[in-house]
$ cat run22.cif   # mmCIF, N, CA and C atoms and all ligand atoms
data_data
#
loop_
_atom_site.label_atom_id
_atom_site.label_comp_id
_atom_site.auth_asym_id
_atom_site.auth_seq_id
_atom_site.Cartn_x
_atom_site.Cartn_y
_atom_site.Cartn_z
N MET O 1 100.63 68.86 99.78
CA MET O 1 99.37 69.51 100.12
C MET O 1 99.21 70.77 99.25
N ILE O 2 98.01 70.93 98.71
CA ILE O 2 97.73 72.11 97.90
C ILE O 2 97.40 73.28 98.84
N VAL O 3 98.06 74.39 98.67
CA VAL O 3 97.79 75.59 99.46
C VAL O 3 96.84 76.50 98.69
N CYS O 4 97.11 76.70 97.43
CA CYS O 4 96.28 77.59 96.61
C CYS O 4 95.49 76.74 95.63
N LEU O 5 94.22 76.57 95.95
CA LEU O 5 93.36 75.75 95.09
C LEU O 5 93.12 76.42 93.74
N CYS O 6 92.97 77.73 93.74
CA CYS O 6 92.67 78.44 92.49
C CYS O 6 93.78 78.25 91.46
N LYS O 7 95.02 78.25 91.90
CA LYS O 7 96.15 78.15 90.99
C LYS O 7 96.83 76.78 91.07
N SER O 8 96.23 75.86 91.82
CA SER O 8 96.76 74.50 91.97
C SER O 8 98.24 74.51 92.36
N LEU O 9 98.55 75.28 93.40
CA LEU O 9 99.94 75.39 93.84
C LEU O 9 100.11 74.70 95.20
N SER O 10 101.12 73.89 95.26
CA SER O 10 101.39 73.10 96.47
C SER O 10 102.20 73.90 97.48
N GLU O 11 102.17 73.39 98.72
CA GLU O 11 103.01 73.96 99.77
C GLU O 11 104.47 73.90 99.34
N ARG O 12 104.84 72.82 98.71
CA ARG O 12 106.23 72.66 98.26
C ARG O 12 106.64 73.77 97.30
N LYS O 13 105.77 74.11 96.36
CA LYS O 13 106.08 75.16 95.38
C LYS O 13 106.21 76.52 96.07
N ILE O 14 105.35 76.77 97.02
CA ILE O 14 105.41 78.05 97.74
C ILE O 14 106.65 78.11 98.61
N ARG O 15 106.96 77.01 99.28
CA ARG O 15 108.19 76.97 100.09
C ARG O 15 109.42 77.18 99.20
N GLN O 16 109.36 76.63 97.99
CA GLN O 16 110.48 76.81 97.05
C GLN O 16 110.65 78.29 96.71
N SER O 17 109.55 79.00 96.45
CA SER O 17 109.67 80.42 96.12
C SER O 17 110.22 81.21 97.30
N ILE O 18 109.85 80.81 98.52
CA ILE O 18 110.37 81.48 99.72
C ILE O 18 111.87 81.21 99.83
N ALA O 19 112.25 79.97 99.58
CA ALA O 19 113.68 79.60 99.65
C ALA O 19 114.50 80.35 98.60
N GLU O 20 113.84 80.70 97.50
CA GLU O 20 114.53 81.41 96.42
C GLU O 20 114.51 82.92 96.62
N GLY O 21 113.94 83.38 97.75
CA GLY O 21 114.06 84.79 98.07
C GLY O 21 112.77 85.56 98.31
N ALA O 22 111.62 84.96 98.02
CA ALA O 22 110.37 85.67 98.28
C ALA O 22 110.18 85.78 99.79
N CYS O 23 110.09 86.98 100.31
CA CYS O 23 110.01 87.15 101.76
C CYS O 23 108.75 87.90 102.19
N SER O 24 107.78 88.01 101.29
CA SER O 24 106.50 88.61 101.65
C SER O 24 105.41 87.93 100.83
N VAL O 25 104.18 88.08 101.27
CA VAL O 25 103.06 87.51 100.53
C VAL O 25 103.05 88.07 99.12
N ARG O 26 103.30 89.36 99.00
CA ARG O 26 103.30 90.00 97.69
C ARG O 26 104.35 89.38 96.77
N GLU O 27 105.51 89.09 97.30
CA GLU O 27 106.56 88.48 96.46
C GLU O 27 106.20 87.05 96.07
N VAL O 28 105.60 86.31 96.99
CA VAL O 28 105.14 84.95 96.64
C VAL O 28 104.07 85.03 95.56
N GLN O 29 103.18 85.99 95.69
CA GLN O 29 102.15 86.17 94.66
C GLN O 29 102.79 86.45 93.31
N HIS O 30 103.77 87.33 93.33
CA HIS O 30 104.43 87.71 92.08
C HIS O 30 105.15 86.52 91.45
N CYS O 31 105.82 85.74 92.27
CA CYS O 31 106.64 84.63 91.76
C CYS O 31 105.81 83.42 91.34
N THR O 32 104.72 83.13 92.06
CA THR O 32 104.00 81.88 91.82
C THR O 32 102.58 82.08 91.31
N LYS O 33 102.04 83.28 91.48
CA LYS O 33 100.62 83.59 91.20
C LYS O 33 99.69 83.02 92.27
N ALA O 34 100.25 82.37 93.30
CA ALA O 34 99.41 81.91 94.41
C ALA O 34 98.75 83.11 95.07
N GLY O 35 97.51 82.96 95.44
CA GLY O 35 96.81 84.01 96.17
C GLY O 35 96.36 85.17 95.32
N THR O 36 96.38 85.01 94.02
CA THR O 36 96.02 86.14 93.16
C THR O 36 94.60 86.04 92.62
N GLN O 37 93.86 85.06 93.10
CA GLN O 37 92.49 84.95 92.58
C GLN O 37 91.49 85.23 93.70
N CYS O 38 91.12 84.24 94.50
CA CYS O 38 90.11 84.47 95.54
C CYS O 38 90.71 85.01 96.83
N GLY O 39 91.97 84.71 97.07
CA GLY O 39 92.64 85.21 98.27
C GLY O 39 92.48 84.34 99.50
N ALA O 40 91.80 83.22 99.38
CA ALA O 40 91.55 82.37 100.55
C ALA O 40 92.83 81.76 101.11
N CYS O 41 93.87 81.69 100.33
CA CYS O 41 95.11 81.04 100.76
C CYS O 41 96.14 82.03 101.32
N LEU O 42 95.82 83.31 101.35
CA LEU O 42 96.82 84.31 101.74
C LEU O 42 97.33 84.10 103.16
N GLU O 43 96.44 83.74 104.08
CA GLU O 43 96.87 83.53 105.46
C GLU O 43 97.84 82.36 105.53
N GLU O 44 97.57 81.30 104.78
CA GLU O 44 98.46 80.13 104.79
C GLU O 44 99.81 80.49 104.17
N ILE O 45 99.81 81.30 103.13
CA ILE O 45 101.08 81.74 102.54
C ILE O 45 101.88 82.53 103.57
N GLN O 46 101.19 83.42 104.30
CA GLN O 46 101.88 84.20 105.34
C GLN O 46 102.43 83.27 106.41
N ASN O 47 101.67 82.24 106.78
CA ASN O 47 102.14 81.29 107.78
C ASN O 47 103.42 80.58 107.31
N LEU O 48 103.46 80.20 106.04
CA LEU O 48 104.65 79.53 105.50
C LEU O 48 105.85 80.47 105.53
N ILE O 49 105.63 81.74 105.22
CA ILE O 49 106.71 82.72 105.29
C ILE O 49 107.20 82.87 106.72
N ASP O 50 106.25 82.98 107.65
CA ASP O 50 106.60 83.12 109.07
C ASP O 50 107.39 81.91 109.56
N GLN O 51 106.95 80.71 109.16
CA GLN O 51 107.63 79.49 109.58
C GLN O 51 109.06 79.43 109.03
N SER O 52 109.25 80.01 107.86
CA SER O 52 110.57 79.95 107.24
C SER O 52 111.55 80.94 107.87
N GLY O 53 110.99 81.94 108.56
CA GLY O 53 111.83 82.99 109.14
C GLY O 53 112.26 84.01 108.11
N ALA O 54 111.63 83.98 106.93
CA ALA O 54 112.01 84.88 105.84
C ALA O 54 111.21 86.17 105.82
N SER O 55 110.29 86.30 106.76
CA SER O 55 109.37 87.43 106.70
C SER O 55 110.11 88.76 106.74
N GLY O 56 109.86 89.56 105.72
CA GLY O 56 110.43 90.90 105.67
C GLY O 56 109.38 91.95 105.84
N THR O 57 108.16 91.52 106.16
CA THR O 57 107.06 92.46 106.32
C THR O 57 106.34 92.15 107.61
N SER O 58 105.46 93.05 107.97
CA SER O 58 104.66 92.81 109.16
C SER O 58 103.63 91.73 108.87
N LYS O 59 103.23 91.02 109.92
CA LYS O 59 102.22 89.98 109.75
C LYS O 59 100.94 90.59 109.22
N GLY O 60 100.28 89.82 108.40
CA GLY O 60 98.97 90.24 107.92
C GLY O 60 99.01 91.19 106.74
N GLU O 61 100.14 91.36 106.12
CA GLU O 61 100.18 92.25 104.95
C GLU O 61 99.75 91.47 103.72
N PHE O 62 98.46 91.33 103.59
CA PHE O 62 97.92 90.59 102.46
C PHE O 62 97.62 91.56 101.33
N VAL O 63 97.81 91.09 100.14
CA VAL O 63 97.48 91.89 98.97
C VAL O 63 96.45 91.12 98.17
N HIS O 64 95.27 91.64 98.15
CA HIS O 64 94.21 90.98 97.39
C HIS O 64 94.14 91.64 96.04
N THR O 65 94.24 90.82 95.02
CA THR O 65 94.44 91.39 93.69
C THR O 65 93.24 91.24 92.77
N GLN O 66 92.06 91.20 93.35
CA GLN O 66 90.90 91.16 92.47
C GLN O 66 90.78 92.51 91.77
N ALA O 67 90.15 92.48 90.65
CA ALA O 67 90.01 93.70 89.85
C ALA O 67 89.27 94.78 90.64
N PRO O 68 89.71 96.01 90.52
CA PRO O 68 89.01 97.10 91.20
C PRO O 68 87.63 97.32 90.59
N ARG O 69 86.79 97.98 91.37
CA ARG O 69 85.46 98.29 90.86
C ARG O 69 85.58 99.21 89.66
N SER O 70 84.65 99.08 88.79
CA SER O 70 84.63 99.92 87.60
C SER O 70 84.29 101.35 87.99
N LEU O 71 84.89 102.31 87.31
CA LEU O 71 84.57 103.71 87.55
C LEU O 71 83.13 104.03 87.14
N ASP O 72 82.57 103.17 86.31
CA ASP O 72 81.19 103.39 85.84
C ASP O 72 80.17 103.18 86.94
N GLU O 73 80.60 102.60 88.09
CA GLU O 73 79.67 102.34 89.18
C GLU O 73 79.37 103.60 90.01
N ASN O 74 80.05 104.70 89.73
CA ASN O 74 79.79 105.93 90.46
C ASN O 74 78.40 106.48 90.11
N ASP O 75 77.74 107.02 91.12
CA ASP O 75 76.44 107.63 90.88
C ASP O 75 76.63 109.06 90.41
N ASP O 76 76.08 109.40 89.31
CA ASP O 76 76.15 110.78 88.80
C ASP O 76 74.79 111.28 88.41
S1 LIG T 1 92.98 79.57 96.93
FE1 LIG T 1 94.67 80.81 96.41
S2 LIG T 1 93.78 82.43 95.25
FE2 LIG T 1 92.12 81.14 95.69
#
$ encode --input "run22.cif" --output "structure tokens"
Amino acid sequence: MIVCLCKSLSERKIRQSIAEGACSVREVQHCTKAGTQCGACLEEIQNLIDQSGASGTSKGEFVHTQAPRSLDENDD
């Protein structure tokens, strides 16, 4: 089953990264790039971490990595 459609990453690949030591959503993002585009899969990634018992962070610690707003958007 594909968990991250944006990066075409399967549940198996994400479980593998958790088994190899990723114990937070941020670490799974770093290792696999899952969840680094639209963020729609972040809750499912957290669920997989929780199911594995590897969670080293509080539930719901999602990191959305879309680009920050440009500084040029400030009104001056
Ligand atoms: S579905 Fe994972 S970043 Fe979009």
$ atom_distance --input "run22.cif" --atom1 "atom C of Asp50 (chain O)" --atom2 "atom N of Thr32 (chain O)"
17.7 Å
$ residues_near_ligand --input "run22.cif" --ligand "ligand LIG 1 (chain T)" --cutoff "8 Å" --atoms "only N, CA and C atoms and all ligand atoms" --output "PyMOL selection string"
chain O and resi 2-9+33-42
$ atom_distance --input "run22.cif" --atom1 "atom C of Ala54 (chain O)" --atom2 "atom C of Ile18 (chain O)"
7.8 Å
$ atom_distance --input "run22.cif" --atom1 "CA of Ile14 (chain O)" --atom2 "CA of Ser55 (chain O)"
13.6 Å
$ residues_around --input "run22.cif" --residues "Ile49 (chain O)" --least-positions-apart "5" --cutoff "10 Å" --atoms "only C-alpha atoms" --output "CSV table (one decimal) with N, CA and C atoms, in the coordinates of the input"
chain,number,residue,atom,x,y,z
O,14,ILE,N,105.4,76.8,97.0
O,14,ILE,CA,105.4,78.0,97.7
O,14,ILE,C,106.6,78.1,98.6
O,15,ARG,N,107.0,77.0,99.3
O,15,ARG,CA,108.2,77.0,100.1
O,15,ARG,C,109.4,77.2,99.2
O,17,SER,N,109.6,79.0,96.4
O,17,SER,CA,109.7,80.4,96.1
O,17,SER,C,110.2,81.2,97.3
O,18,ILE,N,109.8,80.8,98.5
O,18,ILE,CA,110.4,81.5,99.7
O,18,ILE,C,111.9,81.2,99.8
O,19,ALA,N,112.2,80.0,99.6
O,19,ALA,CA,113.7,79.6,99.6
O,19,ALA,C,114.5,80.4,98.6
O,22,ALA,N,111.6,85.0,98.0
O,22,ALA,CA,110.4,85.7,98.3
O,22,ALA,C,110.2,85.8,99.8
O,23,CYS,N,110.1,87.0,100.3
O,23,CYS,CA,110.0,87.2,101.8
O,23,CYS,C,108.8,87.9,102.2
O,24,SER,N,107.8,88.0,101.3
O,24,SER,CA,106.5,88.6,101.6
O,24,SER,C,105.4,87.9,100.8
O,25,VAL,N,104.2,88.1,101.3
O,25,VAL,CA,103.1,87.5,100.5
O,25,VAL,C,103.0,88.1,99.1
O,28,VAL,N,105.6,86.3,97.0
O,28,VAL,CA,105.1,85.0,96.6
O,28,VAL,C,104.1,85.0,95.6
O,43,GLU,N,96.4,83.7,104.1
O,43,GLU,CA,96.9,83.5,105.5
O,43,GLU,C,97.8,82.4,105.5
O,44,GLU,N,97.6,81.3,104.8
O,44,GLU,CA,98.5,80.1,104.8
O,44,GLU,C,99.8,80.5,104.2
O,54,ALA,N,111.6,84.0,106.9
O,54,ALA,CA,112.0,84.9,105.8
O,54,ALA,C,111.2,86.2,105.8
O,55,SER,N,110.3,86.3,106.8
O,55,SER,CA,109.4,87.4,106.7
O,55,SER,C,110.1,88.8,106.7
O,56,GLY,N,109.9,89.6,105.7
O,56,GLY,CA,110.4,90.9,105.7
O,56,GLY,C,109.4,92.0,105.8
O,57,THR,N,108.2,91.5,106.2
O,57,THR,CA,107.1,92.5,106.3
O,57,THR,C,106.3,92.2,107.6
O,59,LYS,N,103.2,91.0,109.9
O,59,LYS,CA,102.2,90.0,109.8
O,59,LYS,C,100.9,90.6,109.2
